[in-house]
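> Structure supplied as data-v5.txt; contents: compact mmCIF, C-alpha atoms and all ligand atoms.
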# COMPACT_ATOMS: atom_id res chain seq x y z
CA MET P 127 -8.04 6.72 5.30
CA ALA P 128 -11.72 6.10 6.13
CA ASP P 129 -13.24 2.93 4.67
CA GLU P 130 -15.57 4.70 2.25
CA LEU P 131 -12.71 6.31 0.33
CA THR P 132 -11.38 4.57 -2.74
CA PRO P 133 -8.28 2.67 -1.62
CA ALA P 134 -4.82 2.94 -3.12
CA VAL P 135 -4.26 0.22 -5.70
CA ALA P 136 -0.86 -1.01 -6.86
CA MET P 137 -0.85 -1.67 -10.61
CA PRO P 138 1.61 -1.75 -13.51
CA ALA P 139 2.63 1.77 -14.55
CA GLU P 140 1.11 1.38 -18.01
CA ASP P 141 -2.31 0.47 -16.57
CA ALA P 142 -2.05 3.29 -14.05
CA LEU P 143 -1.29 5.83 -16.77
CA LEU P 144 -4.30 4.68 -18.80
CA LEU P 145 -6.53 4.89 -15.74
CA LEU P 146 -5.21 8.34 -14.80
CA ASN P 147 -5.39 9.67 -18.35
CA LYS P 148 -8.77 8.29 -19.39
CA GLY P 149 -10.58 7.47 -16.14
CA GLU P 150 -13.38 9.48 -14.64
CA ILE P 151 -12.06 11.58 -11.78
CA THR P 152 -14.28 12.10 -8.72
CA VAL P 153 -13.14 14.26 -5.82
CA GLU P 154 -13.48 12.43 -2.49
CA GLY P 155 -11.64 14.71 -0.11
CA ARG P 156 -9.02 17.31 0.45
CA VAL P 157 -5.56 16.48 1.81
CA THR P 158 -5.72 18.67 4.88
CA THR P 159 -1.96 18.94 5.42
CA ALA P 160 -1.51 20.35 1.94
CA SER P 161 -0.90 24.04 1.25
CA ASN P 162 -2.39 24.01 -2.26
CA ALA P 163 -5.69 22.48 -3.36
CA THR P 164 -4.49 18.90 -3.17
CA LEU P 165 -7.45 16.61 -3.62
CA TYR P 166 -7.87 12.94 -2.82
CA CYS P 167 -9.78 11.43 -5.74
CA ARG P 168 -11.08 8.28 -7.33
CA ALA P 169 -10.10 7.49 -10.91
CA GLU P 170 -12.33 4.90 -12.56
CA LEU P 171 -12.19 3.26 -15.97
CA ASP P 172 -14.02 0.16 -17.18
CA GLY P 173 -14.89 -0.92 -13.64
CA ILE P 174 -11.37 -0.50 -12.29
CA ALA P 175 -10.84 2.20 -9.68
CA ALA P 176 -7.86 3.53 -7.78
CA ALA P 177 -7.13 6.45 -5.51
CA CYS P 178 -5.21 9.37 -6.93
CA VAL P 179 -4.17 12.89 -6.04
CA TYR P 180 -5.43 15.71 -8.22
CA LYS P 181 -3.95 19.18 -8.03
CA PRO P 182 -5.90 21.58 -10.24
CA VAL P 183 -3.94 24.57 -11.54
CA SER P 184 -6.86 26.72 -10.34
CA GLY P 185 -6.01 25.74 -6.74
CA GLU P 186 -2.32 26.66 -6.91
CA ARG P 187 -1.24 29.25 -4.38
CA PRO P 188 0.81 32.00 -6.10
CA LEU P 189 4.52 31.93 -5.20
CA TRP P 190 7.01 34.76 -5.51
CA ASP P 191 9.71 32.67 -7.15
CA TYR P 192 7.78 30.61 -9.72
CA PRO P 193 5.41 31.86 -12.45
CA ASP P 194 1.72 31.47 -11.57
CA GLY P 195 -0.10 28.38 -12.78
CA THR P 196 2.97 26.27 -13.58
CA LEU P 197 3.29 23.91 -10.59
CA ALA P 198 1.32 21.05 -12.21
CA GLU P 199 3.62 21.19 -15.23
CA ARG P 200 6.70 21.11 -12.99
CA GLU P 201 5.31 18.03 -11.22
CA TYR P 202 4.76 16.32 -14.55
CA ALA P 203 8.20 17.38 -15.80
CA THR P 204 9.76 15.76 -12.72
CA TYR P 205 7.78 12.58 -13.35
CA LEU P 206 9.07 12.46 -16.95
CA THR P 207 12.62 12.99 -15.72
CA SER P 208 12.20 10.22 -13.15
CA GLU P 209 10.95 7.94 -15.93
CA ALA P 210 14.03 8.77 -18.00
CA THR P 211 16.24 7.56 -15.14
CA GLY P 212 14.45 4.18 -15.11
CA TRP P 213 14.37 4.34 -11.30
CA ASN P 214 10.61 4.72 -10.83
CA LEU P 215 11.03 7.43 -8.21
CA VAL P 216 7.77 9.30 -8.83
CA PRO P 217 4.35 7.57 -8.92
CA PRO P 218 2.62 7.52 -12.33
CA THR P 219 1.59 11.12 -13.07
CA VAL P 220 -0.36 12.79 -15.87
CA LEU P 221 -1.55 16.24 -16.84
CA ARG P 222 -5.20 16.38 -17.77
CA ASP P 223 -8.53 18.09 -17.43
CA GLY P 224 -10.44 17.30 -14.24
CA PRO P 225 -13.51 18.41 -12.27
CA LEU P 226 -11.78 21.72 -11.39
CA GLY P 227 -9.97 22.21 -14.68
CA THR P 228 -6.50 21.27 -15.89
CA GLY P 229 -4.19 19.83 -13.31
CA MET P 230 -1.83 17.06 -12.43
CA VAL P 231 -3.20 13.66 -11.46
CA GLN P 232 -0.97 11.14 -9.72
CA LEU P 233 -1.57 7.60 -8.53
CA TRP P 234 -2.00 7.48 -4.75
CA VAL P 235 0.49 5.04 -3.28
CA GLU P 236 -0.17 3.14 -0.09
CA GLU P 237 2.37 4.18 2.49
CA ASP P 238 3.89 1.47 4.65
CA GLU P 239 2.98 2.86 8.06
CA SER P 240 5.41 0.51 9.78
CA CYS P 241 8.36 2.20 8.09
CA ASP P 242 9.97 5.12 9.93
CA ILE P 243 11.11 7.20 6.98
CA LEU P 244 13.18 9.47 9.26
CA GLU P 245 15.15 6.44 10.36
CA VAL P 246 15.73 5.47 6.71
CA ILE P 247 16.87 9.01 5.93
CA ASN P 248 19.20 9.12 8.91
CA SER P 249 20.72 5.73 8.11
CA GLY P 250 22.08 7.18 4.85
CA GLU P 251 21.89 3.69 3.39
CA SER P 252 18.87 3.70 1.11
CA VAL P 253 19.67 3.31 -2.56
CA HIS P 254 16.25 4.77 -3.37
CA LEU P 255 16.97 7.91 -1.37
CA GLN P 256 20.41 8.27 -2.91
CA ARG P 257 18.85 8.11 -6.37
CA MET P 258 16.17 10.57 -5.20
CA ALA P 259 18.91 12.95 -4.07
CA LEU P 260 20.34 12.82 -7.59
CA LEU P 261 16.94 13.35 -9.20
CA ASP P 262 16.42 16.36 -6.91
CA ALA P 263 19.78 17.81 -7.94
CA VAL P 264 18.84 17.38 -11.61
CA VAL P 265 15.37 18.93 -11.31
CA ASN P 266 16.55 21.53 -8.77
CA ASN P 267 13.88 20.52 -6.26
CA SER P 268 13.19 23.31 -3.76
CA ASP P 269 11.00 21.30 -1.43
CA ARG P 270 12.23 17.80 -0.64
CA LYS P 271 10.61 17.48 2.78
CA VAL P 272 10.39 14.30 4.85
CA SER P 273 6.63 14.11 4.11
CA HIS P 274 7.39 14.12 0.39
CA LEU P 275 9.10 10.73 0.73
CA LEU P 276 6.71 7.79 0.85
CA ALA P 277 7.90 4.28 1.71
CA ILE P 278 5.83 1.45 0.29
CA SER P 279 6.11 -2.32 0.62
CA ASP P 280 7.39 -3.59 -2.68
CA PRO P 281 5.25 -6.54 -3.89
CA ALA P 282 8.51 -8.02 -5.21
CA GLY P 283 9.88 -7.90 -1.66
CA GLY P 284 11.70 -5.22 0.24
CA ARG P 285 10.75 -1.58 0.23
CA HIS P 286 10.50 1.10 -2.40
CA ILE P 287 10.46 4.84 -1.81
CA PHE P 288 8.52 7.30 -3.95
CA GLY P 289 8.92 11.06 -4.01
CA VAL P 290 5.91 13.38 -4.34
CA ASP P 291 5.16 17.10 -4.51
CA HIS P 292 7.54 18.37 -7.19
CA GLY P 293 5.69 21.60 -7.99
CA VAL P 294 8.61 23.81 -7.05
CA SER P 295 11.30 22.37 -9.24
CA PHE P 296 13.09 23.28 -12.47
CA GLY P 297 13.79 26.88 -11.48
CA VAL P 298 16.66 28.50 -13.38
CA GLU P 299 18.65 29.57 -10.29
CA GLY P 300 20.13 26.90 -8.02
CA LYS P 301 17.47 26.34 -5.36
CA LEU P 302 18.04 22.83 -4.14
CA ARG P 303 16.36 22.52 -0.74
CA THR P 304 16.22 19.05 0.70
CA VAL P 305 16.47 16.80 3.73
CA LEU P 306 18.71 14.48 1.68
CA TRP P 307 22.15 15.99 2.16
CA GLN P 308 23.64 12.72 3.48
CA TRP P 309 25.62 12.26 0.27
CA ALA P 310 26.82 15.85 -0.14
CA GLY P 311 30.30 15.82 -1.69
CA VAL P 312 30.23 12.01 -2.14
CA ARG P 313 31.50 10.63 -5.47
CA PHE P 314 28.83 9.09 -7.74
CA GLU P 315 28.78 5.31 -8.12
CA PRO P 316 29.09 4.14 -11.77
CA GLU P 317 25.33 3.48 -11.91
CA LEU P 318 24.63 7.14 -11.16
CA VAL P 319 27.18 8.31 -13.72
CA ASP P 320 25.51 6.11 -16.34
CA VAL P 321 22.10 7.56 -15.57
CA LEU P 322 23.44 11.12 -15.75
CA GLY P 323 24.88 10.32 -19.17
CA ARG P 324 21.53 8.94 -20.26
CA LEU P 325 19.75 12.03 -18.96
CA GLU P 326 22.15 14.29 -20.82
CA ALA P 327 21.43 12.42 -24.06
CA GLN P 328 17.66 12.33 -23.46
CA LEU P 329 17.51 16.03 -22.60
CA ALA P 330 18.87 16.65 -26.09
CA GLU P 331 16.24 14.34 -27.58
CA GLY P 332 12.89 12.96 -26.43
CA LEU P 333 12.90 14.16 -22.84
CA GLY P 334 13.99 17.64 -23.91
CA ALA P 335 11.19 17.74 -26.48
CA ALA P 336 8.61 16.64 -23.90
CA LEU P 337 9.86 19.19 -21.37
CA SER P 338 9.65 21.97 -23.96
CA GLU P 339 5.84 21.64 -23.72
CA LEU P 340 6.04 22.22 -19.96
CA LEU P 341 8.96 24.52 -19.16
CA THR P 342 10.63 27.57 -20.65
CA THR P 343 13.67 27.33 -22.90
CA ARG P 344 15.78 28.89 -20.14
CA GLU P 345 14.58 26.32 -17.62
CA ILE P 346 15.44 23.43 -19.93
CA ARG P 347 18.83 24.96 -20.70
CA ALA P 348 19.45 25.25 -16.95
CA ALA P 349 18.48 21.60 -16.45
CA ARG P 350 20.94 20.55 -19.14
CA ARG P 351 23.61 22.71 -17.50
CA ARG P 352 22.98 21.07 -14.11
CA VAL P 353 23.35 17.61 -15.60
CA ARG P 354 26.59 18.59 -17.36
CA GLN P 355 27.94 20.05 -14.11
CA LEU P 356 27.05 16.93 -12.14
CA ILE P 357 28.85 14.81 -14.74
CA ALA P 358 31.86 17.14 -14.69
CA THR P 359 32.25 17.20 -10.89
CA GLY P 360 31.24 13.55 -10.37
CA LEU P 361 30.04 14.47 -6.87
CA PHE P 362 26.73 14.98 -5.09
CA PRO P 363 26.22 18.74 -4.68
CA LEU P 364 27.08 20.55 -1.46
CA PRO P 365 24.45 22.57 0.41
CA PRO P 366 24.15 26.14 -0.88
CA THR P 367 25.50 28.93 1.32
CA ASP P 368 23.31 31.72 -0.09
CA TRP P 369 19.97 29.94 0.20
CA PRO P 370 18.35 27.83 2.95
CA ALA P 371 19.52 24.27 2.32
CA ILE P 372 16.63 22.58 4.14
CA PRO P 373 12.91 23.16 3.46
CA TYR P 374 10.90 24.91 6.14
CA PRO P 375 9.32 23.12 7.84
CA PRO P 376 11.55 20.12 7.08
CA TYR P 377 8.70 17.72 7.79
N1 LIG P 401 0.80 10.16 -4.83
C1 LIG P 401 0.63 10.16 -3.51
N2 LIG P 401 0.44 8.98 -2.84
C2 LIG P 401 0.26 8.96 -1.50
N3 LIG P 401 0.27 10.05 -0.73
C3 LIG P 401 0.45 11.25 -1.34
C4 LIG P 401 0.64 11.37 -2.75
N4 LIG P 401 0.80 12.69 -3.05
C5 LIG P 401 0.69 13.34 -1.89
N5 LIG P 401 0.48 12.50 -0.85
C6 LIG P 401 0.32 12.83 0.58
O1 LIG P 401 -0.33 14.09 0.70
C7 LIG P 401 0.54 15.02 1.34
C8 LIG P 401 0.34 16.39 0.70
O2 LIG P 401 0.63 16.30 -0.68
P1 LIG P 401 1.64 17.31 -1.39
O3 LIG P 401 1.90 16.77 -2.76
O4 LIG P 401 2.82 17.54 -0.51
O5 LIG P 401 0.70 18.60 -1.49
P2 LIG P 401 1.06 20.18 -1.50
O6 LIG P 401 1.56 20.52 -2.87
O7 LIG P 401 -0.23 20.87 -1.26
O8 LIG P 401 2.09 20.38 -0.41
C9 LIG P 401 1.95 14.45 1.16
O9 LIG P 401 2.84 14.86 2.17
C10 LIG P 401 1.67 12.95 1.25
O10 LIG P 401 1.56 12.54 2.59
MG MG P 402 3.76 19.28 0.12
Rewrite the structure of this file - the entire thing - as structure tokens.
Ligand SMILES: Nc1ncnc2c1ncn2[C@@H]1O[C@H](COP(=O)(O)OP(=O)(O)O)[C@@H](O)[C@H]1O
Ligand SMILES: [Mg+2]


Amino acid sequence: MADELTPAVAMPAEDALLLLNKGEITVEGRVTTASNATLYCRAELDGIAAACVYKPVSGERPLWDYPDGTLAEREYATYLTSEATGWNLVPPTVLRDGPLGTGMVQLWVEEDESCDILEVINSGESVHLQRMALLDAVVNNSDRKVSHLLAISDPAGGRHIFGVDHGVSFGVEGKLRTVLWQWAGVRFEPELVDVLGRLEAQLAEGLGAALSELLTTREIRAARRRVRQLIATGLFPLPPTDWPAIPYPPY
């Protein structure tokens, strides 16, 4: 990023949510690789500023397989689901009004350029990616590309991986498309089983209530069904045979 742009700032999730919800949003640029109006912005509140991504609903490109004007809500629904896992897989995200109308606003995370994410994917050894693969199965993510996985240096040491761009998720039909098939057919570790159980309970309670503001009843029912099926099989899903299993382009 050029020097004049507001830099990415790492901050506690609670502070980030306040900044994203209440801060003043200023558009600084457009993410040129993006297919929708994906804007690089500054969010500022009480003298504190951080970079964020803002995707106004008005800039969403219509898709044949998802209702118009719902991608921002699907992104937010995926963030809420990630929060329910406790795994912090999606950067802090809100839905709010912005300079171009309602949209999703997400904290911009600073990618660790020294990390070759393809290498991490191919190693099949990242706990973050394994958890991401489970989140994707739960939300029925149709677009888990390599460029939607961002490695960051964890201030606590080591590396964390965030997932972004969850606009095409939560469809009713099985549409999982991902570059994370390394664990296909692999049995869930106890930690993953626990989280699935928690998700099942939360979908019947607070998470389900929050999602009902964002998704249709059928879509929430389908999400609950997917979680029940994952619990019943105890295995990471296999690639579909009637639907492309990998996003195009994969990067
Ligand atoms: N929260 C974020 N933090 C850092 N980089 C991001 C973030 N969200 C998106 N990006 C970067 O911008 C690119 C395009 O964003 P994406 O969400 O994929 O937009 P689109 O919906 O238009 O495809 C991503 O591949 C990623 O490199
Ligand atoms: Mg994208």

> Could you check which of P:Val294, P:Val153, P:Ala203, P:Ala177 is closest to ligand MG 402 (chain P), using all atoms listed in the file?

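Smallest separation from ligand MG 402 (chain P) among the options: P:Val294.
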
> Using only C-alpha atoms and all ligand atoms, find each residue in chain P having at least one atom no more than 10 Å away from ligand MG 402 (chain P); report its shortest atom-to-atom pair and that distance in Å (one decimal), rows by chain then rising number, as a tab-separated table.


residue	atom	partner	partner_atom	distance
P:Val157	CA	P:MG402	MG	9.9
P:Thr159	CA	P:MG402	MG	7.8
P:Ala160	CA	P:MG402	MG	5.7
P:Ser161	CA	P:MG402	MG	6.8
P:Asn162	CA	P:MG402	MG	8.1
P:Thr164	CA	P:MG402	MG	8.9
P:Asp269	CA	P:MG402	MG	7.7
P:Arg270	CA	P:MG402	MG	8.6
P:Lys271	CA	P:MG402	MG	7.6
P:Val272	CA	P:MG402	MG	9.5
P:Ser273	CA	P:MG402	MG	7.1
P:His274	CA	P:MG402	MG	6.3
P:Val290	CA	P:MG402	MG	7.7
P:Asp291	CA	P:MG402	MG	5.3
P:His292	CA	P:MG402	MG	8.3
P:Gly293	CA	P:MG402	MG	8.7
P:Val294	CA	P:MG402	MG	9.8
P:Tyr377	CA	P:MG402	MG	9.3

> List as a ChimeraX atom specification the residues having at least one atom at most 10 Å from position (8.2, 0.3, 1.3) as given in the file, counting all atoms listed in the file.

/P:236-241,243,276-281,283-288

> Quick one: everything within 10 Å of Gln256 in chain P, counting only C-alpha atoms, minus sequence neighbours fewer than 2 positions away in the same chain. Send it as a PyMOL selection string.

chain P and resi 247+250-254+258-262+306-309+314+318+362

> Have a look at P:Leu364, P:Leu337, P:Leu329, P:Ala175 and name the one nearest to Val312 in chain P; count all atoms listed in the file.

P:Leu364

> Which of these residues is nearest to ligand LIG 401 (chain P), using all atoms listed in the file: P:Thr211, P:Thr367, P:Gln328, P:Thr219?

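Checking each of P:Thr211, P:Thr367, P:Gln328, P:Thr219 against ligand LIG 401 (chain P), counting all atoms listed in the file, the winner is P:Thr219.
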
> Each side padded by 4 Å, which centre and which edge lengths in Å (one decimal) define the axis-aligned box around the listed atoms of ligand LIG 401 (chain P)? Give them as JSON.


{"center_x": 1.3, "center_y": 14.9, "center_z": -1.1, "size_x": 11.2, "size_y": 19.9, "size_z": 15.4}

> Name the closest residue to ligand LIG 401 (chain P) among the candidates P:Arg187, P:Arg168, P:Arg347, P:Lys301; distances are taken between atoms, counting only C-alpha atoms and all ligand atoms.

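Closest residue, counting only C-alpha atoms and all ligand atoms: P:Arg187.
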
> Just to confirm, what's the straight-line distance from CA of Asp320 in chain P to CA of Val220 in chain P in Å (one decimal)?

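Taking CA of Asp320 in chain P and CA of Val220 in chain P, their separation equals 26.7 Å.
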
> From the set P:Ala136, P:Val319, P:Leu144, P:Leu325, which residue has the shortest atom-to-atom contact distance to ligand LIG 401 (chain P), counting only C-alpha atoms and all ligand atoms?

P:Ala136
